[in-house]
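One structure is given below, encoded as structure tokens.
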Amino acid sequence: MANYWLMKSEPGCFSFDDLLQAPGQTTSWDGVRNYQARNLMRDSVSIGDGVLFYHSNISDPVIAGTARVVKGGYPDHTALDPRGEHFDPKATAQNPIWYMVDIQAVSALANPVTRSMLKNHPGLADLDVLKKGNRLSVQPVSECHWRMILSLGGMIADECPVRRNNRKSH
DNA sequence: GCCAACGTTGGC
DNA sequence: GCCAACGTTGGC
């Protein structure tokens with residue numbers, strides 16, 4: 001069963017449009033230098049998983065589009081390049097320390113889902129990216145949240161069936 | 001531009 | 001191993 005993730009990028013650095021224009025509409029998610037995000041990419045992010053592409057650190061943060069994982073965790077070789085900005089002197093070929101995945105664009109959202117739209121949706125109250133102080137650049141997203149967000153984005157018609165079925169027990 | 005929250009570093 | 005200092009993230 002595929003999993004779902006939210007990945008953050010500052011659009012001034014790399015935007016969803018940049019991904020659409022990249023060769024094969026694919027990019028390596030390199031340069032992540034946070035152990036928690038590293039562990040997720042190394043151990044959990046797998047081929048076929050769904051990705052919400054989130055534009056962070058702008059006046060109106062937004063989920064711009066969706067992508068899919070086309071290559072699971074593998075060593076981030078940019079840590080080995082002494083001239084690159086992601087160089088880590090502690091990394092070696094034998095002990096790469098840092099890992100990355102490859103993602104390929106699937107589609108821009110018909111209606112980009114802004115942060116305020118996310119905050120206004122009661123069903124998304126516990127979405128990780130909305131939590132104060134959450135800086136993790138790769139975050140797990142439940143299937144329920146995934147569906148709600150794609151629904152807000154005008155990509156699918158239905159909302160989360162689990163939520164509908166559980167409503168009586170709340 | 002401000003500043004709260006977080007992760008990392010390094011002295012002890 | 002503690003924790004203060006620091007740098008970074010990122011919403012507002």
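We name chains A, B, ... following the order of the structure tokens; residues begin at 1 in each chain, and ligands are numbered from 1 as shown.
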
Exercise. Which residues come within 7 Å of Ala110 (chain A), counting only C-alpha atoms (C1' of nucleotides), excluding same-chain residues fewer than 6 positions away, as a count of residues only?
Worked result: 3

For this session: For chain A, list the residues within 7 Å of chain C, counting only C-alpha atoms (C1' of nucleotides), and write the list as a PyMOL selection string.
Result: chain A and resi 56-57+135

Problem set entry | Residue contacts of region 82-95 of chain A (9 Å, only C-alpha atoms (C1' of nucleotides)) excluding same-chain residues fewer than 5 positions away, as a count of residues only | 6

For this session: From a DSSP pass on the backbone, collect the residues of chain A flagged as strand (DSSP E) and hand them back as a PyMOL selection string.
Result: chain A and resi 4-9+26-28+50-55+62-75+99-114+138-141

Atoms to include: N, CA and C atoms. Write the selected residues as a tab-separated table (two decimals), in the first residue's frame.
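Everything below was put into result35.tsv:
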```tsv
chain	number	residue	atom	x	y	z
A	4	TYR	N	1.79	8.40	1.69
A	4	TYR	CA	1.68	9.78	1.20
A	4	TYR	C	2.57	10.70	2.03
A	5	TRP	N	3.10	11.70	1.36
A	5	TRP	CA	4.05	12.61	1.99
A	5	TRP	C	3.78	14.04	1.55
A	6	LEU	N	4.21	14.96	2.41
A	6	LEU	CA	4.25	16.36	2.03
A	6	LEU	C	5.71	16.78	2.02
A	7	MET	N	6.12	17.39	0.93
A	7	MET	CA	7.50	17.86	0.83
A	7	MET	C	7.49	19.36	0.62
A	8	LYS	N	8.35	20.03	1.41
A	8	LYS	CA	8.41	21.49	1.37
A	8	LYS	C	9.53	21.96	0.48
A	9	SER	N	9.25	23.03	-0.23
A	9	SER	CA	10.30	23.69	-0.98
A	9	SER	C	10.01	25.18	-1.03
A	26	THR	N	11.24	15.24	-13.42
A	26	THR	CA	11.75	14.47	-12.29
A	26	THR	C	12.92	15.21	-11.66
A	27	THR	N	13.01	15.10	-10.33
A	27	THR	CA	14.16	15.67	-9.65
A	27	THR	C	14.56	14.80	-8.47
A	28	SER	N	15.82	14.93	-8.08
A	28	SER	CA	16.29	14.31	-6.84
A	28	SER	C	16.02	15.26	-5.69
A	50	GLY	N	2.70	8.85	-2.94
A	50	GLY	CA	2.20	10.15	-3.39
A	50	GLY	C	2.86	11.29	-2.63
A	51	VAL	N	3.05	12.41	-3.30
A	51	VAL	CA	3.72	13.57	-2.70
A	51	VAL	C	2.89	14.82	-2.94
A	52	LEU	N	2.66	15.57	-1.86
A	52	LEU	CA	2.11	16.91	-1.96
A	52	LEU	C	3.27	17.89	-2.00
A	53	PHE	N	3.32	18.72	-3.03
A	53	PHE	CA	4.44	19.65	-3.20
A	53	PHE	C	4.04	20.99	-2.61
A	54	TYR	N	4.67	21.33	-1.50
A	54	TYR	CA	4.28	22.50	-0.69
A	54	TYR	C	5.28	23.62	-0.87
A	55	HIS	N	4.76	24.80	-1.17
A	55	HIS	CA	5.62	25.99	-1.27
A	55	HIS	C	5.66	26.70	0.08
A	62	VAL	N	1.41	27.36	-0.03
A	62	VAL	CA	0.40	26.67	-0.84
A	62	VAL	C	0.89	25.29	-1.27
A	63	ILE	N	-0.06	24.37	-1.35
A	63	ILE	CA	0.22	23.10	-2.00
A	63	ILE	C	-0.05	23.30	-3.49
A	64	ALA	N	1.01	23.25	-4.26
A	64	ALA	CA	0.91	23.63	-5.67
A	64	ALA	C	0.58	22.47	-6.57
A	65	GLY	N	0.99	21.28	-6.20
A	65	GLY	CA	0.77	20.15	-7.10
A	65	GLY	C	1.10	18.84	-6.43
A	66	THR	N	0.96	17.78	-7.21
A	66	THR	CA	1.26	16.45	-6.70
A	66	THR	C	2.40	15.83	-7.51
A	67	ALA	N	3.08	14.91	-6.86
A	67	ALA	CA	4.17	14.19	-7.50
A	67	ALA	C	4.12	12.75	-7.01
A	68	ARG	N	4.92	11.93	-7.63
A	68	ARG	CA	5.04	10.56	-7.15
A	68	ARG	C	6.51	10.23	-6.95
A	69	VAL	N	6.74	9.32	-6.02
A	69	VAL	CA	8.11	8.87	-5.78
A	69	VAL	C	8.47	7.87	-6.87
A	70	VAL	N	9.56	8.15	-7.58
A	70	VAL	CA	9.98	7.23	-8.65
A	70	VAL	C	11.28	6.52	-8.30
A	71	LYS	N	11.89	6.88	-7.18
A	71	LYS	CA	13.06	6.15	-6.69
A	71	LYS	C	13.13	6.30	-5.19
A	72	GLY	N	13.21	5.17	-4.48
A	72	GLY	CA	13.25	5.19	-3.03
A	72	GLY	C	14.61	5.64	-2.52
A	73	GLY	N	14.77	5.66	-1.21
A	73	GLY	CA	15.95	6.23	-0.58
A	73	GLY	C	17.26	5.67	-1.09
A	74	TYR	N	18.17	6.56	-1.44
A	74	TYR	CA	19.53	6.18	-1.83
A	74	TYR	C	20.48	7.30	-1.44
A	75	PRO	N	21.78	7.01	-1.37
A	75	PRO	CA	22.71	8.01	-0.83
A	75	PRO	C	22.69	9.33	-1.59
A	99	TYR	N	20.55	10.80	2.74
A	99	TYR	CA	19.82	10.06	1.71
A	99	TYR	C	18.84	10.98	1.01
A	100	MET	N	18.47	10.58	-0.20
A	100	MET	CA	17.49	11.34	-0.97
A	100	MET	C	16.58	10.38	-1.72
A	101	VAL	N	15.53	10.92	-2.31
A	101	VAL	CA	14.63	10.14	-3.17
A	101	VAL	C	14.45	10.93	-4.46
A	102	ASP	N	13.89	10.29	-5.47
A	102	ASP	CA	13.53	11.00	-6.70
A	102	ASP	C	12.01	11.10	-6.78
A	103	ILE	N	11.54	12.27	-7.20
A	103	ILE	CA	10.11	12.44	-7.40
A	103	ILE	C	9.86	12.97	-8.81
A	104	GLN	N	8.68	12.60	-9.32
A	104	GLN	CA	8.26	13.03	-10.66
A	104	GLN	C	6.92	13.74	-10.53
A	105	ALA	N	6.77	14.86	-11.22
A	105	ALA	CA	5.52	15.60	-11.18
A	105	ALA	C	4.38	14.72	-11.70
A	106	VAL	N	3.23	14.84	-11.07
A	106	VAL	CA	2.01	14.21	-11.58
A	106	VAL	C	1.10	15.28	-12.15
A	107	SER	N	0.75	16.26	-11.34
A	107	SER	CA	-0.15	17.30	-11.84
A	107	SER	C	-0.14	18.52	-10.93
A	108	ALA	N	-0.25	19.68	-11.52
A	108	ALA	CA	-0.58	20.85	-10.72
A	108	ALA	C	-2.00	20.69	-10.20
A	109	LEU	N	-2.29	21.26	-9.04
A	109	LEU	CA	-3.66	21.21	-8.54
A	109	LEU	C	-4.52	22.17	-9.35
A	110	ALA	N	-5.73	21.72	-9.70
A	110	ALA	CA	-6.67	22.58	-10.42
A	110	ALA	C	-6.92	23.84	-9.60
A	111	ASN	N	-7.10	23.66	-8.30
A	111	ASN	CA	-7.20	24.78	-7.36
A	111	ASN	C	-6.09	24.63	-6.33
A	112	PRO	N	-5.01	25.38	-6.48
A	112	PRO	CA	-3.93	25.28	-5.49
A	112	PRO	C	-4.51	25.50	-4.09
A	113	VAL	N	-4.07	24.67	-3.15
A	113	VAL	CA	-4.64	24.70	-1.80
A	113	VAL	C	-3.72	25.51	-0.89
A	114	THR	N	-4.19	26.69	-0.53
A	114	THR	CA	-3.37	27.56	0.31
A	114	THR	C	-3.41	27.10	1.76
A	138	VAL	N	10.12	16.81	5.11
A	138	VAL	CA	9.40	15.67	4.55
A	138	VAL	C	8.49	15.14	5.64
A	139	GLN	N	7.20	15.19	5.42
A	139	GLN	CA	6.25	14.84	6.47
A	139	GLN	C	5.27	13.79	5.97
A	140	PRO	N	4.94	12.82	6.82
A	140	PRO	CA	3.92	11.85	6.43
A	140	PRO	C	2.53	12.50	6.39
A	141	VAL	N	1.72	12.05	5.46
A	141	VAL	CA	0.34	12.52	5.33
A	141	VAL	C	-0.55	11.28	5.30
```

Exercise. Quick one: distance from CA of Pro96 (chain A) to CA of Ser137 (chain A) in Å, one decimal?
Worked result: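 Those two atoms sit 19.5 Å apart.
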
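What separates CA of Leu124 (chain A) from CA of Ile58 (chain A) is a distance of 20.8 Å.
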
Exercise. Between CA of Asp76 (chain A) and CA of Trp146 (chain A), what is the spacing in Å?
Worked result: 27.3 Å

Exercise. Got a sec to tell me which of chain A DSSP assigns to alpha helix (DSSP H), as a PyMOL selection string?
Worked result: chain A and resi 16-21+35-43+115-120+143-152+161-166

May I have the residues from that selection written out with C-alpha atoms, as a short mmCIF file (atom, residue, chain, number, x, y, z; two decimals), in the first residue's frame?
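In the end it all went to again.cif:
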```cif
data_model
loop_
_atom_site.label_atom_id
_atom_site.label_comp_id
_atom_site.auth_asym_id
_atom_site.auth_seq_id
_atom_site.Cartn_x
_atom_site.Cartn_y
_atom_site.Cartn_z
CA PHE A 16 6.54 23.05 -8.66
CA ASP A 17 6.86 24.80 -12.04
CA ASP A 18 10.57 24.04 -11.92
CA LEU A 19 9.68 20.38 -11.42
CA LEU A 20 7.29 20.47 -14.39
CA GLN A 21 10.09 21.86 -16.52
CA TYR A 35 18.12 13.45 10.57
CA GLN A 36 14.40 12.97 10.99
CA ALA A 37 13.73 13.73 7.33
CA ARG A 38 16.76 11.62 6.40
CA ASN A 39 15.36 8.64 8.29
CA LEU A 40 12.02 8.97 6.54
CA MET A 41 13.60 9.12 3.09
CA ARG A 42 16.02 6.30 3.83
CA ASP A 43 13.53 3.95 5.48
CA ARG A 115 -2.38 27.29 3.93
CA SER A 116 -5.43 29.30 4.95
CA MET A 117 -7.65 26.84 3.06
CA LEU A 118 -5.98 24.01 4.96
CA LYS A 119 -6.50 25.81 8.26
CA ASN A 120 -10.14 26.47 7.49
CA GLU A 143 -4.58 8.77 3.23
CA CYS A 144 -7.53 10.57 4.73
CA HIS A 145 -5.75 13.91 4.65
CA TRP A 146 -4.41 13.18 1.18
CA ARG A 147 -7.92 12.69 -0.13
CA MET A 148 -9.28 15.77 1.60
CA ILE A 149 -6.52 17.90 0.14
CA LEU A 150 -6.95 16.53 -3.37
CA SER A 151 -10.66 17.18 -2.98
CA LEU A 152 -9.98 20.78 -1.92
CA PRO A 161 -14.72 7.50 3.49
CA VAL A 162 -13.18 6.63 6.85
CA ARG A 163 -14.15 9.97 8.28
CA ARG A 164 -17.69 9.58 6.98
CA ASN A 165 -18.04 6.14 8.53
CA ASN A 166 -16.62 7.18 11.88
#
```
